[in-house]
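Asks: Data: target.cif, mmCIF, C-alpha atoms.
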```cif
data_coords
loop_
_atom_site.label_atom_id
_atom_site.label_comp_id
_atom_site.auth_asym_id
_atom_site.auth_seq_id
_atom_site.Cartn_x
_atom_site.Cartn_y
_atom_site.Cartn_z
CA MET A 198 18.01 -24.58 25.79
CA ALA A 199 18.01 -24.11 22.03
CA LEU A 200 14.96 -22.54 20.42
CA GLN A 201 13.68 -23.57 16.99
CA VAL A 202 13.33 -20.68 14.56
CA THR A 203 11.39 -20.68 11.30
CA SER A 204 12.52 -18.40 8.47
CA VAL A 205 11.25 -17.60 4.98
CA LEU A 206 14.21 -17.35 2.59
CA TRP A 207 14.39 -15.53 -0.73
CA LYS A 208 15.87 -17.92 -3.30
CA ALA A 209 17.03 -15.66 -6.15
CA HIS A 210 16.27 -12.32 -7.79
CA VAL A 211 13.24 -12.24 -10.12
CA GLU A 212 13.56 -9.57 -12.79
CA ASP A 213 10.99 -9.75 -15.60
CA ARG A 214 8.27 -12.15 -14.51
CA ALA A 215 5.74 -12.50 -11.72
CA VAL A 216 7.02 -13.88 -8.43
CA ALA A 217 5.92 -17.48 -7.82
CA ALA A 218 5.52 -19.67 -4.76
CA GLU A 219 8.68 -21.53 -5.76
CA ASP A 220 10.73 -18.36 -5.19
CA PHE A 221 10.27 -18.69 -1.42
CA GLN A 222 11.80 -21.34 0.82
CA VAL A 223 10.80 -22.17 4.38
CA ALA A 224 13.77 -23.13 6.55
CA THR A 225 14.22 -23.98 10.21
CA ASN A 226 17.24 -23.69 12.46
CA SER A 227 17.91 -23.17 16.14
CA ILE A 228 19.40 -20.45 18.30
CA ASP A 229 20.82 -20.64 21.79
CA PRO A 230 19.62 -17.70 23.94
CA GLN A 231 22.58 -18.25 26.25
CA ALA A 232 24.93 -17.46 23.38
CA MET A 233 23.33 -14.11 22.56
CA GLY A 234 25.48 -10.99 22.75
CA ALA A 235 24.86 -8.03 25.00
CA SER A 236 23.31 -6.03 22.14
CA ASP A 237 21.12 -8.88 20.85
CA ILE A 238 17.38 -8.90 21.47
CA LEU A 239 15.17 -11.97 21.44
CA VAL A 240 11.60 -11.28 20.32
CA GLU A 241 8.52 -13.36 19.61
CA LEU A 242 7.06 -12.42 16.24
CA LEU A 243 3.28 -12.02 16.41
CA TYR A 244 2.29 -10.48 13.06
CA LEU A 245 4.21 -9.93 9.83
CA SER A 246 3.37 -7.38 7.15
CA VAL A 247 3.49 -8.11 3.41
CA ASP A 248 3.50 -5.04 1.15
CA PRO A 249 3.87 -4.14 -2.54
CA TYR A 250 7.15 -2.27 -2.00
CA MET A 251 8.78 -5.63 -1.28
CA ARG A 252 8.47 -6.55 -4.98
CA GLY A 253 11.12 -3.97 -5.86
CA MET A 254 13.50 -5.60 -3.37
CA MET A 255 13.08 -8.93 -5.14
CA ARG A 256 15.01 -7.59 -8.13
CA ASP A 257 18.74 -6.93 -8.30
CA SER A 258 17.90 -3.27 -8.72
CA LYS A 259 20.45 -0.56 -8.02
CA GLY A 260 17.98 2.30 -8.55
CA TYR A 261 15.30 1.25 -6.08
CA TYR A 262 14.94 3.23 -2.87
CA ARG A 263 15.64 0.14 -0.74
CA GLN A 264 18.38 -2.46 -0.99
CA PRO A 265 17.42 -5.76 -2.67
CA PHE A 266 16.92 -8.94 -0.66
CA THR A 267 19.96 -11.20 -0.46
CA PRO A 268 19.39 -14.58 -2.15
CA GLY A 269 19.50 -17.42 0.34
CA GLN A 270 18.77 -15.11 3.28
CA PRO A 271 15.50 -14.41 5.14
CA LEU A 272 13.18 -11.77 3.79
CA SER A 273 12.69 -8.72 5.97
CA SER A 274 9.50 -6.80 6.63
CA ARG A 275 7.68 -4.79 9.25
CA GLY A 276 6.06 -6.74 12.03
CA ILE A 277 4.82 -6.75 15.60
CA ALA A 278 6.84 -8.66 18.16
CA ARG A 279 6.19 -9.15 21.84
CA ALA A 280 9.44 -7.56 22.97
CA ALA A 281 8.77 -4.50 20.82
CA LEU A 282 5.36 -3.71 22.20
CA GLN A 283 6.71 -0.60 23.90
CA LEU A 284 6.66 0.91 20.40
CA VAL A 285 2.88 0.47 20.38
CA ASP A 286 0.70 2.96 22.26
CA SER A 287 -0.31 0.95 25.34
CA ARG A 288 -3.41 3.12 25.72
CA LEU A 289 -4.83 1.45 22.61
CA LEU A 290 -4.03 -2.18 23.46
CA GLY A 291 -7.29 -4.04 23.90
CA LYS A 292 -9.20 -1.19 22.23
CA LEU A 293 -8.00 -1.74 18.67
CA PRO A 294 -6.98 -5.08 17.11
CA LEU A 295 -3.21 -5.52 17.25
CA PRO A 296 -2.87 -5.83 13.44
CA THR A 297 -4.22 -2.26 13.20
CA PHE A 298 -0.72 -1.07 14.15
CA LEU A 299 0.55 -2.53 10.84
CA GLY A 300 -2.40 -1.22 8.83
CA ALA A 301 -4.44 1.90 9.48
CA LEU A 302 -2.12 2.93 12.35
CA GLY A 303 0.99 1.74 10.51
CA ALA A 304 2.76 2.57 7.26
CA PRO A 305 -0.31 2.17 4.99
CA GLY A 306 -2.40 4.51 7.13
CA MET A 307 0.45 6.99 7.39
CA THR A 308 0.85 6.85 3.62
CA ALA A 309 -2.77 7.78 3.06
CA TRP A 310 -2.95 10.39 5.83
CA ALA A 311 0.34 12.15 5.12
CA GLY A 312 -0.11 12.07 1.36
CA LEU A 313 -3.45 13.83 1.61
CA LYS A 314 -2.13 16.33 4.15
CA ARG A 315 1.01 17.28 2.28
CA ILE A 316 -0.07 16.95 -1.36
CA ALA A 317 -3.85 17.24 -1.63
CA GLU A 318 -4.56 19.88 1.03
CA PRO A 319 -6.19 22.33 1.14
CA ILE A 320 -9.18 20.10 0.42
CA LYS A 321 -12.58 21.74 0.09
CA GLN A 322 -15.72 20.01 1.26
CA GLY A 323 -17.62 18.65 -1.72
CA GLU A 324 -14.60 18.20 -3.98
CA VAL A 325 -14.62 15.02 -6.05
CA ALA A 326 -11.95 12.44 -5.27
CA PHE A 327 -11.11 9.19 -7.04
CA VAL A 328 -9.17 6.39 -5.33
CA SER A 329 -7.89 3.40 -7.30
CA GLY A 330 -7.00 0.19 -5.51
CA ALA A 331 -9.59 1.43 -3.04
CA ALA A 332 -10.00 -1.90 -1.21
CA GLY A 333 -6.27 -2.25 -0.53
CA ALA A 334 -4.32 -1.32 2.57
CA VAL A 335 -3.67 2.30 1.55
CA GLY A 336 -6.68 2.95 -0.66
CA LEU A 337 -9.20 1.84 1.94
CA VAL A 338 -7.85 4.37 4.45
CA ALA A 339 -7.44 7.14 1.86
CA GLY A 340 -11.02 6.81 0.68
CA GLN A 341 -12.45 6.88 4.20
CA LEU A 342 -10.37 9.91 5.12
CA LEU A 343 -11.49 11.76 2.01
CA LYS A 344 -15.13 10.97 2.79
CA HIS A 345 -15.40 11.16 6.56
CA LYS A 346 -12.64 13.64 7.46
CA TYR A 347 -12.61 15.99 4.47
CA GLY A 348 -16.22 15.70 3.26
CA CYS A 349 -15.43 14.86 -0.36
CA LYS A 350 -17.52 12.98 -2.86
CA VAL A 351 -15.47 9.79 -3.19
CA ILE A 352 -15.29 7.33 -6.08
CA GLY A 353 -13.42 4.05 -5.68
CA SER A 354 -12.32 1.31 -8.05
CA ALA A 355 -11.62 -2.28 -7.00
CA GLY A 356 -11.18 -5.69 -8.57
CA SER A 357 -14.33 -7.58 -7.57
CA ASN A 358 -18.02 -7.00 -7.02
CA GLU A 359 -17.58 -7.97 -3.36
CA LYS A 360 -14.99 -5.25 -2.89
CA VAL A 361 -17.23 -2.74 -4.62
CA ALA A 362 -20.06 -3.61 -2.22
CA LEU A 363 -17.70 -3.12 0.72
CA LEU A 364 -16.66 0.33 -0.50
CA GLN A 365 -20.30 1.32 -0.75
CA GLN A 366 -20.91 0.07 2.80
CA LEU A 367 -18.01 2.21 4.01
CA GLY A 368 -19.59 5.35 2.57
CA PHE A 369 -18.02 5.70 -0.88
CA ASP A 370 -20.43 7.68 -3.06
CA ALA A 371 -19.67 5.53 -6.10
CA ALA A 372 -17.61 2.42 -6.73
CA PHE A 373 -16.99 0.18 -9.72
CA ASN A 374 -15.26 -3.05 -10.68
CA TYR A 375 -12.45 -2.04 -13.03
CA LYS A 376 -12.29 -5.60 -14.40
CA THR A 377 -15.85 -5.47 -15.74
CA SER A 378 -16.25 -1.73 -16.28
CA ASP A 379 -14.54 0.79 -18.52
CA THR A 380 -12.77 3.13 -16.11
CA ALA A 381 -13.14 6.23 -18.28
CA GLU A 382 -16.87 5.63 -18.72
CA ALA A 383 -17.32 4.86 -15.02
CA LEU A 384 -15.67 8.15 -14.13
CA ARG A 385 -17.84 10.04 -16.63
CA GLN A 386 -20.96 8.61 -15.01
CA ALA A 387 -19.85 9.10 -11.40
CA ALA A 388 -18.20 12.50 -11.95
CA PRO A 389 -19.61 14.11 -15.10
CA GLU A 390 -17.91 17.41 -14.25
CA GLY A 391 -14.55 15.78 -13.52
CA ILE A 392 -12.38 14.95 -10.50
CA ASP A 393 -10.38 17.24 -8.22
CA ILE A 394 -8.22 14.65 -6.43
CA TYR A 395 -6.84 11.32 -7.60
CA PHE A 396 -5.14 8.97 -5.15
CA ASP A 397 -3.33 6.61 -7.52
CA ASN A 398 -2.42 3.12 -6.32
CA VAL A 399 -2.37 1.30 -9.66
CA GLY A 400 -0.95 3.46 -12.47
CA GLY A 401 -1.31 2.24 -16.05
CA PRO A 402 -4.57 2.76 -17.96
CA THR A 403 -6.39 3.90 -14.79
CA LEU A 404 -3.97 6.83 -14.47
CA ASP A 405 -4.67 7.68 -18.11
CA ALA A 406 -8.42 7.68 -17.47
CA ALA A 407 -7.96 9.89 -14.40
CA LEU A 408 -5.83 12.35 -16.35
CA ALA A 409 -8.62 12.61 -18.92
CA ALA A 410 -11.24 13.14 -16.18
CA ALA A 411 -9.27 15.72 -14.21
CA ARG A 412 -10.52 19.22 -13.64
CA PRO A 413 -8.14 22.15 -13.94
CA HIS A 414 -5.75 22.33 -10.96
CA ALA A 415 -6.53 18.77 -9.85
CA ARG A 416 -4.12 17.14 -7.42
CA PHE A 417 -2.76 13.69 -8.21
CA LEU A 418 -1.06 11.65 -5.48
CA ALA A 419 1.23 9.09 -7.14
CA CYS A 420 1.31 6.37 -4.52
CA GLY A 421 1.54 3.12 -6.50
CA ALA A 422 1.25 1.44 -9.91
CA ILE A 423 0.62 -2.22 -9.23
CA SER A 424 -0.82 -2.87 -12.69
CA GLN A 425 2.62 -2.45 -14.23
CA TYR A 426 4.99 -4.16 -11.80
CA ASP A 427 5.35 -7.25 -14.00
CA THR A 428 5.27 -5.61 -17.44
CA PRO A 429 8.38 -6.02 -19.65
CA GLU A 430 9.92 -2.83 -21.02
CA ASP A 431 9.41 -3.76 -24.69
CA SER A 432 5.64 -3.88 -24.14
CA ARG A 433 5.38 -0.31 -22.89
CA TYR A 434 4.26 2.60 -25.00
CA GLY A 435 3.81 6.30 -24.46
CA VAL A 436 5.70 7.55 -21.39
CA LYS A 437 6.96 4.10 -20.44
CA ASN A 438 9.26 4.93 -17.56
CA LEU A 439 6.78 6.94 -15.49
CA MET A 440 7.06 4.30 -12.77
CA ASN A 441 10.59 5.57 -12.19
CA GLY A 442 9.00 8.81 -11.08
CA TRP A 443 8.78 7.55 -7.49
CA ARG A 444 12.39 8.66 -7.19
CA PHE A 445 11.35 12.25 -7.59
CA LEU A 446 7.56 12.26 -8.00
CA ALA A 447 5.91 9.07 -6.80
CA TYR A 448 5.61 6.68 -3.87
CA GLY A 449 5.27 3.50 -5.90
CA ALA A 450 3.80 1.86 -8.99
CA ILE A 451 2.20 -1.32 -7.78
CA SER A 452 0.51 -2.16 -11.06
CA GLN A 453 3.99 -2.27 -12.61
CA TYR A 454 6.07 -4.05 -9.97
CA ASP A 455 6.15 -7.47 -11.66
CA THR A 456 6.08 -6.10 -15.20
CA PRO A 457 9.26 -6.33 -17.28
CA GLU A 458 10.38 -2.90 -18.39
CA ASP A 459 9.72 -3.54 -22.07
CA SER A 460 6.06 -4.48 -21.40
CA ARG A 461 5.01 -1.67 -19.10
CA TYR A 462 2.07 0.53 -19.92
CA GLY A 463 2.88 3.94 -21.36
CA VAL A 464 0.77 6.82 -20.09
CA LYS A 465 -0.79 8.64 -23.05
CA ASN A 466 -2.62 11.58 -21.46
CA LEU A 467 0.38 13.13 -19.73
CA MET A 468 -0.12 16.30 -21.78
CA ASN A 469 -3.12 17.01 -19.56
CA VAL A 470 -0.74 17.71 -16.69
CA ILE A 471 0.20 20.85 -18.61
CA THR A 472 -3.11 21.87 -20.17
CA LYS A 473 -5.11 21.30 -16.96
CA ARG A 474 -2.31 22.51 -14.67
CA ILE A 475 -2.49 19.26 -12.70
CA LYS A 476 -0.31 18.85 -9.64
CA LEU A 477 1.22 15.37 -9.94
CA GLN A 478 3.41 14.44 -7.01
CA GLY A 479 4.59 11.18 -5.57
CA PHE A 480 6.08 10.36 -2.21
CA ILE A 481 7.54 7.76 0.08
CA VAL A 482 5.93 7.45 3.48
CA GLY A 483 9.32 7.79 5.17
CA ASP A 484 9.51 11.36 3.85
CA TYR A 485 6.99 12.43 6.47
CA ALA A 486 7.49 10.00 9.35
CA ALA A 487 9.67 12.24 11.52
CA GLU A 488 7.69 15.41 10.86
CA LEU A 489 4.14 14.08 10.98
CA GLY A 490 4.33 10.74 12.82
CA GLY A 491 3.04 12.01 16.15
CA GLU A 492 0.22 14.06 14.66
CA PHE A 493 -0.80 11.15 12.44
CA HIS A 494 -0.91 8.74 15.36
CA GLU A 495 -3.11 10.98 17.50
CA ASP A 496 -5.48 11.90 14.68
CA MET A 497 -5.83 8.39 13.25
CA SER A 498 -6.29 6.87 16.70
CA GLN A 499 -9.24 9.15 17.36
CA LEU A 500 -10.76 8.48 13.93
CA LEU A 501 -10.50 4.72 14.49
CA LEU A 502 -11.91 4.83 18.01
CA ALA A 503 -14.78 7.03 16.82
CA GLY A 504 -15.55 4.63 13.96
CA LYS A 505 -14.98 7.25 11.27
CA VAL A 506 -12.26 5.06 9.77
CA LYS A 507 -12.70 1.30 9.87
CA ALA A 508 -9.55 -0.82 9.79
CA MET A 509 -9.69 -4.07 7.87
CA GLN A 510 -7.12 -6.85 7.69
CA HIS A 511 -6.68 -9.91 5.48
CA VAL A 512 -4.87 -12.39 7.72
CA THR A 513 -2.95 -15.47 6.59
CA GLN A 514 -2.12 -17.98 9.30
CA GLY A 515 1.43 -19.28 9.75
CA LEU A 516 4.87 -17.91 8.95
CA GLU A 517 5.41 -20.76 6.50
CA ASN A 518 2.65 -19.23 4.37
CA ALA A 519 4.29 -15.77 4.13
CA GLY A 520 5.17 -16.33 0.47
CA ALA A 521 1.60 -17.27 -0.37
CA ALA A 522 0.37 -14.20 1.53
CA PHE A 523 2.64 -11.96 -0.55
CA LEU A 524 1.49 -13.53 -3.82
CA GLY A 525 -2.16 -13.22 -2.81
CA MET A 526 -1.66 -9.56 -1.94
CA MET A 527 0.01 -8.85 -5.29
CA GLY A 528 -2.86 -10.66 -7.01
CA GLY A 529 -5.48 -8.59 -5.23
CA SER A 530 -7.00 -11.26 -3.02
CA ASN A 531 -6.78 -9.10 0.10
CA VAL A 532 -9.27 -6.60 1.45
CA GLY A 533 -7.45 -4.05 3.58
CA LYS A 534 -4.03 -4.79 5.05
CA ALA A 535 -2.46 -8.13 4.18
CA LEU A 536 -0.79 -9.74 7.20
CA VAL A 537 0.68 -13.00 8.38
CA GLN A 538 -0.35 -14.09 11.86
CA VAL A 539 2.60 -15.94 13.37
CA VAL A 540 1.34 -16.36 16.94
CA GLY A 541 -1.44 -18.81 17.70
CA GLU A 542 -3.65 -16.37 19.61
CA ASP A 543 -3.61 -12.59 19.74
CA PRO A 544 -2.17 -11.72 23.18
CA PHE A 545 -4.15 -8.46 23.27
CA PRO A 546 -7.68 -9.23 22.03
CA VAL A 547 -10.14 -6.36 21.80
CA GLN A 548 -12.16 -6.03 24.99
CA GLN A 549 -15.85 -5.69 24.26
#
```
Output the file's structure as structure tokens, nothing else.
Replies:
Amino acid sequence: MALQVTSVLWKAHVEDRAVAAEDFQVATNSIDPQAMGASDILVELLYLSVDPYMRGMMRDSKGYYRQPFTPGQPLSSRGIARAALQLVDSRLLGKLPLPTFLGALGAPGMTAWAGLKRIAEPIKQGEVAFVSGAAGAVGLVAGQLLKHKYGCKVIGSAGSNEKVALLQQLGFDAAFNYKTSDTAEALRQAAPEGIDIYFDNVGGPTLDAALAAARPHARFLACGAISQYDTPEDSRYGVKNLMNGWRFLAYGAISQYDTPEDSRYGVKNLMNVITKRIKLQGFIVGDYAAELGGEFHEDMSQLLLAGKVKAMQHVTQGLENAGAAFLGMMGGSNVGKALVQVVGEDPFPVQQ
């Protein structure tokens, strides 16, 4: 018997503008399980992840670290499928929400955990850390680790007063709305003697402010630059191609993903890297997966079960709304990990 399959297709590459809802197309077709080959696997998709790195695959870019999407073909992403549940630690099923395996126990959590371990350590208790994009999938985990695992004083920036309130509830020592506050002034008030660690998820002017606030020998983790993803090249100034540093320095630049190259923000305080002897290093989570994956899983599992790290998800219902979920995530509407729930009911609800 043929099975109906729903797909979300990528229409065409988008170079120097923001991605729009019209760039996605929902299509349906059918497959015959009886016609599957010996190496084919049929799975039921339960949850689908939408992430900032996907924006780079929506361009016809030869220099990106992943191949671009093929126009007219389905988009690809991480997900959780019923037939793949052997990849999930069965000891945790029913103890943690299933979407946690795409968030705090998935690539975003690994990004935060491994970045701090490999770039920021050794971390001294009481050091001052600043996390931008602190209510996002990576930032939310990074901030909680810095506070509850390492004992730092943690400052977070986010894009709404509601997100700021959430960060304060989660134990951040200070938090501010970057849309209504001057970042440099907010950092001066929260950390008058400067910052020791900066976990950068946004790039752009926030990175400049952090460079100005850094103490000597501060460690900067270049994880993203979302503020610049849509900026054209002719609108940049200063060091305009710093986003390209992910190839040898950085994990991403989410603030820049939809920004045309000629409009991207140019970092002006880069000289401070020299005068303050700042360690500025970026990374891709895959760099550490083989080496640290097992240790991460055990450590993060215990932190989650103990309540020291709280996982949060922003769930959109229905595969047909995957494009809208991606656009909402890029626009900052999510708190925590942005996901698409494909299945009607979670087959492994948390047992109280």
Asks: For region 239-341 of chain A against region 523-530 of chain A, with a cut-off of 12 Å and counting all atoms listed in the file, what is the closest atom pair and its distance in Å to one decimal for every residue that makes the cut, ordered by chain and number, as JSON lines?
Replies:
```
{"residue": "A:Leu245", "atom": "CA", "partner": "A:Phe523", "partner_atom": "CA", "distance": 10.7}
{"residue": "A:Ser246", "atom": "CA", "partner": "A:Phe523", "partner_atom": "CA", "distance": 9.0}
{"residue": "A:Val247", "atom": "CA", "partner": "A:Phe523", "partner_atom": "CA", "distance": 5.6}
{"residue": "A:Asp248", "atom": "CA", "partner": "A:Phe523", "partner_atom": "CA", "distance": 7.2}
{"residue": "A:Pro249", "atom": "CA", "partner": "A:Met527", "partner_atom": "CA", "distance": 6.7}
{"residue": "A:Tyr250", "atom": "CA", "partner": "A:Met527", "partner_atom": "CA", "distance": 10.3}
{"residue": "A:Met251", "atom": "CA", "partner": "A:Phe523", "partner_atom": "CA", "distance": 8.8}
{"residue": "A:Arg252", "atom": "CA", "partner": "A:Met527", "partner_atom": "CA", "distance": 8.8}
{"residue": "A:Met255", "atom": "CA", "partner": "A:Phe523", "partner_atom": "CA", "distance": 11.8}
{"residue": "A:Leu272", "atom": "CA", "partner": "A:Phe523", "partner_atom": "CA", "distance": 11.4}
{"residue": "A:Ser274", "atom": "CA", "partner": "A:Phe523", "partner_atom": "CA", "distance": 11.2}
{"residue": "A:Gly330", "atom": "CA", "partner": "A:Gly529", "partner_atom": "CA", "distance": 8.9}
{"residue": "A:Ala331", "atom": "CA", "partner": "A:Gly529", "partner_atom": "CA", "distance": 11.0}
{"residue": "A:Ala332", "atom": "CA", "partner": "A:Gly529", "partner_atom": "CA", "distance": 9.0}
{"residue": "A:Gly333", "atom": "CA", "partner": "A:Gly529", "partner_atom": "CA", "distance": 7.9}
{"residue": "A:Ala334", "atom": "CA", "partner": "A:Met526", "partner_atom": "CA", "distance": 9.8}
```
Asks: Let me know the residues the PyMOL selection byres ((chain A and resi 240) around 9) catches in the file above, as a ChimeraX atom specification.
Replies: /A:238-239,241-242,278-281
Asks: Quick one: apply the PyMOL selection byres ((chain A and resi 469) around 12) to the file and drop the selected residues here as a VMD selection string.
Replies: chain A and resid 404 to 415 417 464 to 468 470 to 477
Asks: Of the candidates A:Pro544, A:Gly269, A:Pro294, A:Gly533, which one gets nearest to Gly340 (chain A) if we count all atoms listed in the file?
Replies: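 Selected residue with least distance to Gly340 (chain A): A:Gly533.
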Asks: I need the residue set behind the PyMOL selection byres ((chain A and resi 209) around 7) for this file; please write it as a list of chain:residue names.
Replies: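 Selection result, ordered by chain and number: A:Trp207, A:Lys208, A:His210, A:Val211, A:Asp220, A:Pro268.
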Asks: I need the residue nearest Phe298 (chain A) from this list: A:Ser424, A:Gly463, A:Ile392, A:His494. Use all atoms listed in the file for the distance.
Replies: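 Smallest distance to Phe298 (chain A) is found for A:His494.
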Asks: Any idea what's packed within 9 Å of Val338 (chain A), counting all atoms listed in the file, ignoring anything in its chain fewer than 5 positions away? Could you give it as a CSV table (one decimal) with C-alpha atoms, in the frame of the given file?
Replies:
```csv
chain,number,residue,atom,x,y,z
A,300,GLY,CA,-2.4,-1.2,8.8
A,301,ALA,CA,-4.4,1.9,9.5
A,305,PRO,CA,-0.3,2.2,5.0
A,306,GLY,CA,-2.4,4.5,7.1
A,309,ALA,CA,-2.8,7.8,3.1
A,310,TRP,CA,-3.0,10.4,5.8
A,331,ALA,CA,-9.6,1.4,-3.0
A,332,ALA,CA,-10.0,-1.9,-1.2
A,333,GLY,CA,-6.3,-2.2,-0.5
A,343,LEU,CA,-11.5,11.8,2.0
A,506,VAL,CA,-12.3,5.1,9.8
A,507,LYS,CA,-12.7,1.3,9.9
A,508,ALA,CA,-9.6,-0.8,9.8
A,533,GLY,CA,-7.4,-4.0,3.6
```
Asks: Which residue gives the smallest distance to Leu342 (chain A) among A:Asp496, A:Asp229, A:Glu488, A:Thr203, with only C-alpha atoms counted?
Replies: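 Answer, going by the shortest atom-to-atom distance: A:Asp496.
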Asks: Kindly give the distance, in Å, that separates CA of Tyr261 (chain A) and CA of Ile394 (chain A), rounded to a single decimal.
Replies: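 Computed distance, CA of Tyr261 (chain A) to CA of Ile394 (chain A), equals 27.1 Å.
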Asks: Extract, using all atoms listed in the file, all DNA, RNA and protein residues at most 7 Å from Ile228 (chain A), discarding same-chain residues fewer than 3 positions from it, and format them as a list in words.
Replies: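 Surrounding residues, per the criterion: Ala199, Leu200 and Gln201 of chain A.
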Asks: Determine the nearest neighbour of Leu516 (chain A) from the options A:Met233, A:Leu418, A:Leu363, A:Leu243, counting all atoms listed in the file.
Replies: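 Looking only at the distances to Leu516 (chain A), the closest residue turns out to be A:Leu243.
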Asks: Could you jot down the CA of Phe493 (chain A) to CA of Val351 (chain A) separation for me, Å, one decimal place?
Replies: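 For CA of Phe493 (chain A) relative to CA of Val351 (chain A), the distance reads 21.5 Å.
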Asks: Using only C-alpha atoms, which protein or nucleic acid residues come within 10 Å of Tyr485 (chain A)? Drop anything in the same chain fewer than 4 positions from it, and give the result as a short mmCIF file (atom, residue, chain, number, x, y, z; two decimals) with C-alpha atoms, keeping the file's coordinate frame.
Replies:
```cif
data_model
loop_
_atom_site.label_atom_id
_atom_site.label_comp_id
_atom_site.auth_asym_id
_atom_site.auth_seq_id
_atom_site.Cartn_x
_atom_site.Cartn_y
_atom_site.Cartn_z
CA MET A 307 0.45 6.99 7.39
CA THR A 308 0.85 6.85 3.62
CA ALA A 311 0.34 12.15 5.12
CA GLY A 312 -0.11 12.07 1.36
CA ARG A 315 1.01 17.28 2.28
CA PHE A 480 6.08 10.36 -2.21
CA ILE A 481 7.54 7.76 0.08
CA LEU A 489 4.14 14.08 10.98
CA GLY A 490 4.33 10.74 12.82
CA PHE A 493 -0.80 11.15 12.44
#
```
Asks: Which residue gives the smallest distance to Gly491 (chain A) among A:Asp370, A:Asp397, A:Asp286, A:Asp379, with all atoms listed in the file counted?
Replies: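 Of A:Asp370, A:Asp397, A:Asp286, A:Asp379, the one nearest Gly491 (chain A), counting all atoms listed in the file, is A:Asp286.
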Asks: Which residues are close to Val202 (chain A), i.e. within 8 Å by all atoms listed in the file, leaving aside same-chain residues fewer than 4 positions away? Reply as a list of chain:residue names.
Replies: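 Here the answer would be A:Thr225, A:Asn226, A:Ser227, A:Ile228.
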Asks: Grab the CA of Ile423 (chain A) to CA of Val325 (chain A) distance for me, in Å with one decimal place.
Replies: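 The value is 23.2 Å.
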Asks: The residues within 10 Å of (-15.3, 9.3, -3.6), using all atoms listed in the file and the coordinates of the file, should be reported as a VMD selection string; which are they?
Replies: chain A and resid 323 to 328 331 339 to 341 343 to 344 348 to 354 364 to 365 368 to 372 387 to 388 392 394 to 395
Asks: Compile the contact shell of region 510-515 of chain A as a PyMOL selection string: residues with an atom at most 8 Å away, counting all atoms listed in the file, same-chain residues fewer than 4 positions apart removed.
Replies: chain A and resi 296-297+300+519+522+531-540
